[in-house]
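In what follows, a structure is listed as structure tokens, so that the remarks can point back to it.
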Amino acid sequence: MEPTTHNILVVDDSATTRAVVKRTIALSGAAVGDVFEAGDGNAALGVIRSRKVDLVLLDLHMPGMGGVELAGILHGDPATRDIPIVVISAEPSAGRIEALKAGGVRGYVRKPFRPEQVRDVIHHFLGGGQ
Amino acid sequence: MTRTIEAGERATAAPCATAVLTAGVDELVAGSLEAFAFVLAGPAELPASPPAGADLLYCGLPFAGAVSGRLELVFPTALAAVLAANLLCVDPGDPAAADGQADAARELMNVTGGALLARLGEAELSGTTMGLPTVRPATPADWRAVAADPRAGALDAEGHVVVARVVVGA
């Protein structure tokens, strides 16, 4: 039987950061299927509404629709509210992060991150730890 | 119970925030370079003028709210290529590094801005938000404007000099 794979959406306006996160995902050892990319919240919504997404790794500060607004939309929609959202951001305010978690965000990794932090998030939400 | 911060209190807090945010900006940037892109950096003399003939980048990051201002860096474009190369695990001469240099510089600003604002107490921080970084080609005048600030700092990042300052109240 084929192992169950999970799809991840990486939302960050930095193509470089998306590449770093994608490389970390590839090295995580988790059973990951597709890794989608989006450069802002609107592009992310397009992916989520057309593909199966099991985990969203979300930057906060982006041009256009930022991460806070996107998280609010996803959490407010019964069709998407159960998709785990983990913020990966340089946001320094613990209070602001706690407010996001109260609004449905499930985790937070502060930039600059170590690869094992992202790996641990993937294993926590998608399984597949070694 | 909540209360509104009065204008007088904010005026009293502003000089304190200025001292907290502007002190040791060179060390702050050095820490970000190492943690973010594995680039080692140390203190450098503050040069009044940029390296002759070097292509330069200006990077700015505004912040606003309880405390407002901006973080500014000017450094050779070649350093941005090193950042991108390290992040992407390619050679600095790789086309991907050249394509990613502005992007890497923006991320450096995000990371440094986050570390900068983390110096504020949570009360001020919760009312202060980072804007989006801007990166553009810089002129020698941009370099001189930063270097002339008495609170500016400089660092040597693997042979590339970076000048940096934080302007509070801008």
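Please note that chains go A, B, ... in the order of the structure tokens, that every chain numbers its residues from 1, and that ligands are numbered from 1 in the order shown.
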Practice task
Once DSSP has gone over the backbone, tell me which residues of chain A are in helix (DSSP H, G or I), as a ChimeraX atom specification.
Solution key: /A:15-26,41-50,67-76,94-102,115-126
Practice task
For chain A, work out the contacting residues on chain B at 12 Å, counting only C-alpha atoms, and write them as JSON, numbers by chain.
Solution key: {"B": [31, 32, 33, 34, 35, 36, 37, 38, 61, 63, 80, 81, 83, 84, 85, 86, 87, 88, 89, 90, 96, 97, 98, 99, 100, 101, 102, 103, 104, 105, 106, 107, 108, 109, 110, 111, 112, 113, 114, 115, 116, 117, 118, 119, 120, 121, 122, 123, 124, 125, 126, 127, 128, 129, 130, 131, 132, 133, 134]}
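In this comparison, which uses only C-alpha atoms, the residue of A:Val21, A:Val47, A:Val11, A:Asp120 approaching A:Ala71 most closely is A:Val11.
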Problem - Close residues, stretch 48-56 of chain A itself excluded, 8 Å, only C-alpha atoms, min 5 positions apart in chain, as a ChimeraX atom specification - result: /A:6-11,83-86,125-126
Could you write out the selected residues, including all heavy atoms, as a short mmCIF file (atom, residue, chain, number, x, y, z; two decimals), in the first residue's frame?
data_model
loop_
_atom_site.label_atom_id
_atom_site.label_comp_id
_atom_site.auth_asym_id
_atom_site.auth_seq_id
_atom_site.Cartn_x
_atom_site.Cartn_y
_atom_site.Cartn_z
N HIS A 6 1.14 14.05 2.22
CA HIS A 6 0.46 15.29 2.57
C HIS A 6 1.05 16.42 1.74
O HIS A 6 2.25 16.45 1.46
CB HIS A 6 0.63 15.60 4.05
CG HIS A 6 0.11 14.52 4.95
ND1 HIS A 6 -1.22 14.36 5.22
CD2 HIS A 6 0.75 13.53 5.61
CE1 HIS A 6 -1.39 13.34 6.03
NE2 HIS A 6 -0.21 12.81 6.28
N ASN A 7 0.19 17.34 1.40
CA ASN A 7 0.63 18.50 0.61
C ASN A 7 0.81 19.72 1.52
O ASN A 7 0.03 19.95 2.44
CB ASN A 7 -0.39 18.83 -0.48
CG ASN A 7 -0.59 17.67 -1.44
OD1 ASN A 7 0.30 16.84 -1.62
ND2 ASN A 7 -1.76 17.61 -2.05
N ILE A 8 1.83 20.48 1.21
CA ILE A 8 2.16 21.66 2.02
C ILE A 8 2.14 22.90 1.12
O ILE A 8 2.63 22.85 -0.02
CB ILE A 8 3.55 21.51 2.68
CG1 ILE A 8 3.56 20.29 3.61
CG2 ILE A 8 3.93 22.77 3.46
CD1 ILE A 8 4.93 19.99 4.21
N LEU A 9 1.60 23.97 1.65
CA LEU A 9 1.63 25.26 0.95
C LEU A 9 2.55 26.22 1.69
O LEU A 9 2.36 26.47 2.89
CB LEU A 9 0.21 25.85 0.87
CG LEU A 9 0.10 27.30 0.36
CD1 LEU A 9 0.63 27.42 -1.07
CD2 LEU A 9 -1.36 27.77 0.42
N VAL A 10 3.55 26.74 0.99
CA VAL A 10 4.49 27.69 1.57
C VAL A 10 4.12 29.09 1.04
O VAL A 10 4.17 29.33 -0.17
CB VAL A 10 5.95 27.35 1.18
CG1 VAL A 10 6.92 28.33 1.82
CG2 VAL A 10 6.29 25.92 1.58
N VAL A 11 3.74 29.97 1.95
CA VAL A 11 3.30 31.32 1.58
C VAL A 11 4.32 32.33 2.10
O VAL A 11 4.44 32.52 3.31
CB VAL A 11 1.91 31.65 2.14
CG1 VAL A 11 1.38 32.95 1.52
CG2 VAL A 11 0.94 30.51 1.89
N ILE A 83 -7.40 23.27 8.35
CA ILE A 83 -6.04 23.16 7.80
C ILE A 83 -5.09 23.84 8.78
O ILE A 83 -5.24 25.04 9.08
CB ILE A 83 -5.93 23.85 6.43
CG1 ILE A 83 -6.90 23.23 5.43
CG2 ILE A 83 -4.50 23.76 5.90
CD1 ILE A 83 -6.96 23.99 4.09
N PRO A 84 -4.12 23.11 9.30
CA PRO A 84 -3.19 23.75 10.26
C PRO A 84 -2.39 24.87 9.58
O PRO A 84 -1.91 24.72 8.45
CB PRO A 84 -2.26 22.61 10.68
CG PRO A 84 -2.93 21.36 10.25
CD PRO A 84 -3.80 21.70 9.09
N ILE A 85 -2.30 25.98 10.29
CA ILE A 85 -1.50 27.11 9.82
C ILE A 85 -0.37 27.33 10.82
O ILE A 85 -0.61 27.47 12.02
CB ILE A 85 -2.33 28.41 9.74
CG1 ILE A 85 -3.50 28.24 8.78
CG2 ILE A 85 -1.45 29.58 9.31
CD1 ILE A 85 -4.49 29.41 8.84
N VAL A 86 0.85 27.34 10.33
CA VAL A 86 2.01 27.65 11.16
C VAL A 86 2.68 28.89 10.59
O VAL A 86 3.03 28.92 9.40
CB VAL A 86 3.00 26.47 11.21
CG1 VAL A 86 4.26 26.86 11.98
CG2 VAL A 86 2.34 25.26 11.86
N PHE A 125 2.58 18.03 12.67
CA PHE A 125 1.26 18.17 12.05
C PHE A 125 0.97 17.09 11.00
O PHE A 125 -0.18 16.77 10.75
CB PHE A 125 1.10 19.56 11.43
CG PHE A 125 0.94 20.63 12.46
CD1 PHE A 125 1.98 21.46 12.79
CD2 PHE A 125 -0.27 20.78 13.14
CE1 PHE A 125 1.85 22.43 13.77
CE2 PHE A 125 -0.42 21.74 14.13
CZ PHE A 125 0.64 22.57 14.44
N LEU A 126 2.01 16.56 10.39
CA LEU A 126 1.78 15.59 9.32
C LEU A 126 2.29 14.20 9.65
O LEU A 126 2.06 13.26 8.89
CB LEU A 126 2.45 16.08 8.02
CG LEU A 126 2.01 17.47 7.52
CD1 LEU A 126 2.71 17.78 6.21
CD2 LEU A 126 0.50 17.53 7.35
#
Handout entry: Shell of 6 Å around stretch 136-144 of chain B, only C-alpha atoms, local chain residues under 6 positions omitted, as an MDAnalysis selection string
Key = chainID B and resid 48:49 56:58 74
Could you take the residues named above and write them with all heavy atoms, as a PDB file, in the first residue's frame?
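Saved result, result.pdb, follows:
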ATOM      1  N   ALA B  48      33.414  57.196   5.670  1.00  0.00           N
ATOM      2  CA  ALA B  48      32.528  58.292   5.257  1.00  0.00           C
ATOM      3  C   ALA B  48      32.034  58.106   3.835  1.00  0.00           C
ATOM      4  O   ALA B  48      30.949  58.565   3.475  1.00  0.00           O
ATOM      5  CB  ALA B  48      33.262  59.624   5.385  1.00  0.00           C
ATOM      6  N   SER B  49      32.839  57.422   3.025  1.00  0.00           N
ATOM      7  CA  SER B  49      32.478  57.220   1.619  1.00  0.00           C
ATOM      8  C   SER B  49      32.502  55.729   1.303  1.00  0.00           C
ATOM      9  O   SER B  49      33.215  54.958   1.950  1.00  0.00           O
ATOM     10  CB  SER B  49      33.459  57.949   0.699  1.00  0.00           C
ATOM     11  OG  SER B  49      33.408  59.344   0.940  1.00  0.00           O
ATOM     12  N   LEU B  56      26.145  49.479  -5.128  1.00  0.00           N
ATOM     13  CA  LEU B  56      25.623  49.508  -3.757  1.00  0.00           C
ATOM     14  C   LEU B  56      24.124  49.256  -3.740  1.00  0.00           C
ATOM     15  O   LEU B  56      23.414  49.559  -4.710  1.00  0.00           O
ATOM     16  CB  LEU B  56      25.895  50.880  -3.116  1.00  0.00           C
ATOM     17  CG  LEU B  56      27.346  51.343  -3.057  1.00  0.00           C
ATOM     18  CD1 LEU B  56      27.411  52.811  -2.624  1.00  0.00           C
ATOM     19  CD2 LEU B  56      28.155  50.472  -2.103  1.00  0.00           C
ATOM     20  N   LEU B  57      23.653  48.741  -2.609  1.00  0.00           N
ATOM     21  CA  LEU B  57      22.227  48.596  -2.370  1.00  0.00           C
ATOM     22  C   LEU B  57      21.839  49.429  -1.154  1.00  0.00           C
ATOM     23  O   LEU B  57      22.564  49.458  -0.155  1.00  0.00           O
ATOM     24  CB  LEU B  57      21.852  47.141  -2.079  1.00  0.00           C
ATOM     25  CG  LEU B  57      21.737  46.159  -3.238  1.00  0.00           C
ATOM     26  CD1 LEU B  57      21.310  44.792  -2.705  1.00  0.00           C
ATOM     27  CD2 LEU B  57      20.745  46.647  -4.279  1.00  0.00           C
ATOM     28  N   TYR B  58      20.692  50.078  -1.259  1.00  0.00           N
ATOM     29  CA  TYR B  58      20.071  50.731  -0.103  1.00  0.00           C
ATOM     30  C   TYR B  58      18.916  49.843   0.340  1.00  0.00           C
ATOM     31  O   TYR B  58      18.075  49.443  -0.485  1.00  0.00           O
ATOM     32  CB  TYR B  58      19.531  52.116  -0.467  1.00  0.00           C
ATOM     33  CG  TYR B  58      18.630  52.687   0.615  1.00  0.00           C
ATOM     34  CD1 TYR B  58      19.151  53.475   1.630  1.00  0.00           C
ATOM     35  CD2 TYR B  58      17.256  52.417   0.612  1.00  0.00           C
ATOM     36  CE1 TYR B  58      18.321  53.979   2.633  1.00  0.00           C
ATOM     37  CE2 TYR B  58      16.425  52.922   1.602  1.00  0.00           C
ATOM     38  CZ  TYR B  58      16.964  53.697   2.610  1.00  0.00           C
ATOM     39  OH  TYR B  58      16.146  54.189   3.605  1.00  0.00           O
ATOM     40  N   VAL B  74      23.217  50.279   3.987  1.00  0.00           N
ATOM     41  CA  VAL B  74      23.779  50.423   2.644  1.00  0.00           C
ATOM     42  C   VAL B  74      25.010  49.525   2.582  1.00  0.00           C
ATOM     43  O   VAL B  74      25.846  49.550   3.504  1.00  0.00           O
ATOM     44  CB  VAL B  74      24.168  51.883   2.324  1.00  0.00           C
ATOM     45  CG1 VAL B  74      24.699  51.990   0.883  1.00  0.00           C
ATOM     46  CG2 VAL B  74      22.975  52.821   2.494  1.00  0.00           C
TER      47      VAL B  74
END
Handout entry: Test item, strand (DSSP E or B) assignment across stretch 7-136 of chain B, answer as a ChimeraX atom specification
Key = /B:41-43,56-65,69-76,128-130,134-136
Give me the residues near stretch 152-168 of chain B as a CSV table (one decimal) with all heavy atoms, in the first residue's frame, where near means some atom within 8 Å (using only C-alpha atoms) and where sequence neighbours in that chain fewer than 4 positions away do not count.
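Output file result-v6.csv is given in full below:
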chain,number,residue,atom,x,y,z
B,18,THR,N,14.5,55.6,21.7
B,18,THR,CA,15.6,56.0,20.7
B,18,THR,C,16.9,55.3,21.2
B,18,THR,O,17.6,54.7,20.4
B,18,THR,CB,15.8,57.5,20.7
B,18,THR,OG1,14.5,58.1,20.2
B,18,THR,CG2,16.9,57.9,19.7
B,21,LEU,N,16.8,51.5,20.7
B,21,LEU,CA,16.8,51.1,19.3
B,21,LEU,C,18.1,51.4,18.5
B,21,LEU,O,18.5,50.7,17.6
B,21,LEU,CB,15.6,51.6,18.5
B,21,LEU,CG,14.2,51.1,19.0
B,21,LEU,CD1,13.1,51.8,18.2
B,21,LEU,CD2,14.1,49.6,18.7
B,22,THR,N,18.7,52.5,18.9
B,22,THR,CA,19.9,52.9,18.1
B,22,THR,C,21.2,52.4,18.6
B,22,THR,O,22.2,52.4,17.8
B,22,THR,CB,20.0,54.5,18.0
B,22,THR,OG1,20.1,55.0,19.3
B,22,THR,CG2,18.7,55.1,17.3
B,24,GLY,N,24.2,50.1,19.3
B,24,GLY,CA,24.8,48.8,18.8
B,24,GLY,C,24.1,48.3,17.5
B,24,GLY,O,24.0,47.1,17.4
B,25,VAL,N,23.7,49.2,16.6
B,25,VAL,CA,23.1,48.7,15.4
B,25,VAL,C,24.0,47.8,14.6
B,25,VAL,O,23.5,46.8,13.9
B,25,VAL,CB,22.5,49.8,14.6
B,25,VAL,CG1,23.6,50.7,14.1
B,25,VAL,CG2,21.7,49.3,13.4
B,26,ASP,N,25.3,48.0,14.7
B,26,ASP,CA,26.2,47.2,13.9
B,26,ASP,C,26.2,45.8,14.5
B,26,ASP,O,26.3,44.8,13.7
B,26,ASP,CB,27.7,47.8,14.0
B,26,ASP,CG,28.1,48.2,15.4
B,26,ASP,OD1,27.2,48.3,16.3
B,26,ASP,OD2,29.3,48.5,15.5
B,27,GLU,N,26.2,45.6,15.8
B,27,GLU,CA,26.2,44.3,16.4
B,27,GLU,C,24.9,43.6,16.0
B,27,GLU,O,24.8,42.4,15.8
B,27,GLU,CB,26.3,44.4,17.9
B,27,GLU,CG,27.7,44.9,18.3
B,27,GLU,CD,27.8,45.1,19.8
B,27,GLU,OE1,26.8,44.7,20.5
B,27,GLU,OE2,28.7,45.8,20.3
B,29,VAL,N,23.0,44.0,13.3
B,29,VAL,CA,23.1,43.5,11.9
B,29,VAL,C,24.1,42.3,11.8
B,29,VAL,O,23.8,41.4,11.1
B,29,VAL,CB,23.5,44.7,11.0
B,29,VAL,CG1,23.7,44.2,9.5
B,29,VAL,CG2,22.5,45.8,11.0
B,30,ALA,N,25.2,42.4,12.5
B,30,ALA,CA,26.1,41.3,12.5
B,30,ALA,C,25.5,40.0,12.9
B,30,ALA,O,25.6,38.9,12.3
B,30,ALA,CB,27.3,41.6,13.3
B,39,VAL,N,26.8,34.4,7.4
B,39,VAL,CA,27.9,35.3,7.1
B,39,VAL,C,28.5,35.9,8.3
B,39,VAL,O,27.8,36.4,9.2
B,39,VAL,CB,27.3,36.5,6.2
B,39,VAL,CG1,28.4,37.6,6.0
B,39,VAL,CG2,26.9,35.9,4.8
B,40,LEU,N,29.8,35.7,8.5
B,40,LEU,CA,30.5,36.2,9.7
B,40,LEU,C,30.8,37.7,9.5
B,40,LEU,O,31.3,38.1,8.4
B,40,LEU,CB,31.7,35.5,10.0
B,40,LEU,CG,31.5,34.0,10.3
B,40,LEU,CD1,32.9,33.3,10.5
B,40,LEU,CD2,30.6,33.8,11.5
B,41,ALA,N,30.5,38.5,10.5
B,41,ALA,CA,30.7,39.9,10.4
B,41,ALA,C,31.3,40.5,11.7
B,41,ALA,O,31.0,39.9,12.8
B,41,ALA,CB,29.4,40.7,10.1
B,42,GLY,N,32.2,41.5,11.7
B,42,GLY,CA,32.7,42.1,12.8
B,42,GLY,C,32.8,43.6,12.7
B,42,GLY,O,32.5,44.1,11.7
B,43,PRO,N,33.2,44.2,13.8
B,43,PRO,CA,33.2,45.7,13.7
B,43,PRO,C,34.2,46.2,12.7
B,43,PRO,O,35.2,45.6,12.3
B,43,PRO,CB,33.7,46.1,15.1
B,43,PRO,CG,34.1,44.9,15.8
B,43,PRO,CD,33.7,43.7,15.0
B,44,ALA,N,33.8,47.4,12.2
B,44,ALA,CA,34.7,48.1,11.2
B,44,ALA,C,34.7,49.5,11.4
B,44,ALA,O,33.8,50.1,12.1
B,44,ALA,CB,34.2,47.8,9.7
B,45,GLU,N,35.7,50.2,11.0
B,45,GLU,CA,35.7,51.7,11.0
B,45,GLU,C,34.6,52.2,10.1
B,45,GLU,O,34.2,51.5,9.1
B,45,GLU,CB,37.0,52.2,10.5
B,45,GLU,CG,38.2,51.9,11.4
B,45,GLU,CD,38.2,52.7,12.7
B,45,GLU,OE1,37.8,53.9,12.7
B,45,GLU,OE2,38.5,52.1,13.7
B,46,LEU,N,34.0,53.3,10.5
B,46,LEU,CA,32.8,53.8,9.8
B,46,LEU,C,33.4,54.7,8.6
B,46,LEU,O,33.9,55.8,8.9
B,46,LEU,CB,31.9,54.6,10.7
B,46,LEU,CG,30.7,55.2,10.1
B,46,LEU,CD1,29.7,54.1,9.6
B,46,LEU,CD2,29.9,56.1,11.1
B,47,PRO,N,33.3,54.1,7.4
B,47,PRO,CA,33.9,54.9,6.3
B,47,PRO,C,32.9,56.0,5.8
B,47,PRO,O,31.7,55.7,5.7
B,47,PRO,CB,34.1,53.9,5.2
B,47,PRO,CG,33.6,52.6,5.7
B,47,PRO,CD,32.8,52.9,7.0
B,67,VAL,N,6.2,53.4,18.6
B,67,VAL,CA,7.5,53.9,18.3
B,67,VAL,C,7.6,53.9,16.7
B,67,VAL,O,7.3,52.8,16.1
B,67,VAL,CB,8.6,53.2,18.9
B,67,VAL,CG1,10.0,53.8,18.5
B,67,VAL,CG2,8.5,53.1,20.4
B,68,SER,N,8.0,55.0,16.1
B,68,SER,CA,8.1,55.0,14.6
B,68,SER,C,9.5,55.3,14.2
B,68,SER,O,10.2,56.0,14.9
B,68,SER,CB,7.1,56.0,14.1
B,68,SER,OG,5.8,55.7,14.4
B,69,GLY,N,9.8,54.9,13.1
B,69,GLY,CA,11.2,55.2,12.5
B,69,GLY,C,11.5,54.2,11.4
B,69,GLY,O,10.6,53.6,10.7
B,70,ARG,N,12.8,54.1,11.1
B,70,ARG,CA,13.2,53.1,10.1
B,70,ARG,C,14.6,52.7,10.3
B,70,ARG,O,15.4,53.4,11.0
B,70,ARG,CB,13.1,53.8,8.7
B,70,ARG,CG,14.0,55.0,8.5
B,70,ARG,CD,13.8,55.6,7.1
B,70,ARG,NE,14.8,56.7,6.9
B,70,ARG,CZ,14.7,57.9,7.3
B,70,ARG,NH1,13.6,58.3,8.0
B,70,ARG,NH2,15.6,58.8,7.1
B,71,LEU,N,14.9,51.5,9.8
B,71,LEU,CA,16.2,50.9,9.8
B,71,LEU,C,16.7,51.0,8.4
B,71,LEU,O,16.0,50.8,7.5
B,71,LEU,CB,16.1,49.4,10.2
B,71,LEU,CG,17.3,48.5,10.0
B,71,LEU,CD1,18.4,48.8,10.9
B,71,LEU,CD2,16.9,47.0,10.1
B,72,GLU,N,18.0,51.5,8.3
B,72,GLU,CA,18.6,51.6,7.0
B,72,GLU,C,20.0,51.0,6.9
B,72,GLU,O,20.8,51.1,7.8
B,72,GLU,CB,18.8,53.1,6.7
B,72,GLU,CG,17.5,53.9,6.5
B,72,GLU,CD,17.7,55.4,6.2
B,72,GLU,OE1,18.6,56.0,6.8
B,72,GLU,OE2,17.0,55.9,5.3
B,73,LEU,N,20.2,50.3,5.9
B,73,LEU,CA,21.5,49.7,5.6
B,73,LEU,C,21.9,50.1,4.2
B,73,LEU,O,21.1,50.1,3.3
B,73,LEU,CB,21.5,48.2,5.7
B,73,LEU,CG,20.9,47.4,6.9
B,73,LEU,CD1,21.1,45.9,6.7
B,73,LEU,CD2,21.6,47.9,8.1
B,74,VAL,N,23.2,50.3,4.0
B,74,VAL,CA,23.8,50.4,2.6
B,74,VAL,C,25.0,49.5,2.6
B,74,VAL,O,25.8,49.6,3.5
B,74,VAL,CB,24.2,51.9,2.3
B,74,VAL,CG1,24.7,52.0,0.9
B,74,VAL,CG2,23.0,52.8,2.5
B,75,PHE,N,25.1,48.7,1.5
B,75,PHE,CA,26.2,47.8,1.4
B,75,PHE,C,26.4,47.4,0.0
B,75,PHE,O,25.5,47.6,-0.9
B,75,PHE,CB,26.0,46.6,2.3
B,75,PHE,CG,24.7,45.8,2.1
B,75,PHE,CD1,24.6,44.9,1.1
B,75,PHE,CD2,23.7,46.0,3.0
B,75,PHE,CE1,23.4,44.2,0.9
B,75,PHE,CE2,22.5,45.3,2.9
B,75,PHE,CZ,22.3,44.4,1.8
B,76,PRO,N,27.6,46.8,-0.4
B,76,PRO,CA,27.8,46.5,-1.8
B,76,PRO,C,26.9,45.4,-2.2
B,76,PRO,O,26.5,44.4,-1.5
B,76,PRO,CB,29.3,45.9,-1.7
B,76,PRO,CG,29.9,46.6,-0.5
B,76,PRO,CD,28.8,46.7,0.5
B,78,ALA,N,27.5,43.0,-4.0
B,78,ALA,CA,28.1,41.7,-3.9
B,78,ALA,C,27.8,41.0,-2.6
B,78,ALA,O,27.8,39.7,-2.6
B,78,ALA,CB,29.7,41.9,-4.1
B,79,LEU,N,27.6,41.7,-1.6
B,79,LEU,CA,27.2,41.0,-0.3
B,79,LEU,C,25.8,40.4,-0.4
B,79,LEU,O,25.6,39.3,0.1
B,79,LEU,CB,27.3,42.0,0.9
B,79,LEU,CG,26.8,41.5,2.2
B,79,LEU,CD1,27.7,40.3,2.7
B,79,LEU,CD2,26.8,42.5,3.3
B,143,TRP,N,25.0,56.3,0.9
B,143,TRP,CA,26.0,55.9,1.9
B,143,TRP,C,26.4,57.0,2.8
B,143,TRP,O,26.5,56.8,4.1
B,143,TRP,CB,27.2,55.3,1.1
B,143,TRP,CG,28.4,54.8,1.9
B,143,TRP,CD1,29.2,55.6,2.7
B,143,TRP,CD2,28.8,53.5,2.1
B,143,TRP,NE1,30.1,54.8,3.3
B,143,TRP,CE2,29.9,53.5,3.0
B,143,TRP,CE3,28.4,52.3,1.6
B,143,TRP,CZ2,30.6,52.3,3.3
B,143,TRP,CZ3,29.0,51.1,1.9
B,143,TRP,CH2,30.1,51.1,2.8
B,146,VAL,N,23.9,57.9,5.6
B,146,VAL,CA,23.8,57.0,6.7
B,146,VAL,C,25.1,57.1,7.5
B,146,VAL,O,25.0,57.2,8.8
B,146,VAL,CB,23.7,55.5,6.2
B,146,VAL,CG1,23.9,54.5,7.4
B,146,VAL,CG2,22.3,55.3,5.5
B,147,ALA,N,26.2,57.2,6.9
B,147,ALA,CA,27.5,57.2,7.6
B,147,ALA,C,27.7,58.5,8.4
B,147,ALA,O,28.4,58.5,9.4
B,147,ALA,CB,28.7,57.0,6.6
B,148,ALA,N,27.0,59.6,8.0
B,148,ALA,CA,27.2,60.8,8.7
B,148,ALA,C,26.3,60.9,10.0
B,148,ALA,O,26.5,61.8,10.8
B,148,ALA,CB,26.7,62.0,7.7
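Here atom CA of A:Ala38 stands at a distance of 28.6 Å from atom CA of B:Gly65.
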Practice task
Mind checking which residues fall within 12 Å of A:His75, counting only C-alpha atoms, ignoring those fewer than 2 positions away in the same chain, and posting them as a ChimeraX atom specification?
Solution key: /A:56,67-73,77-85,100-106
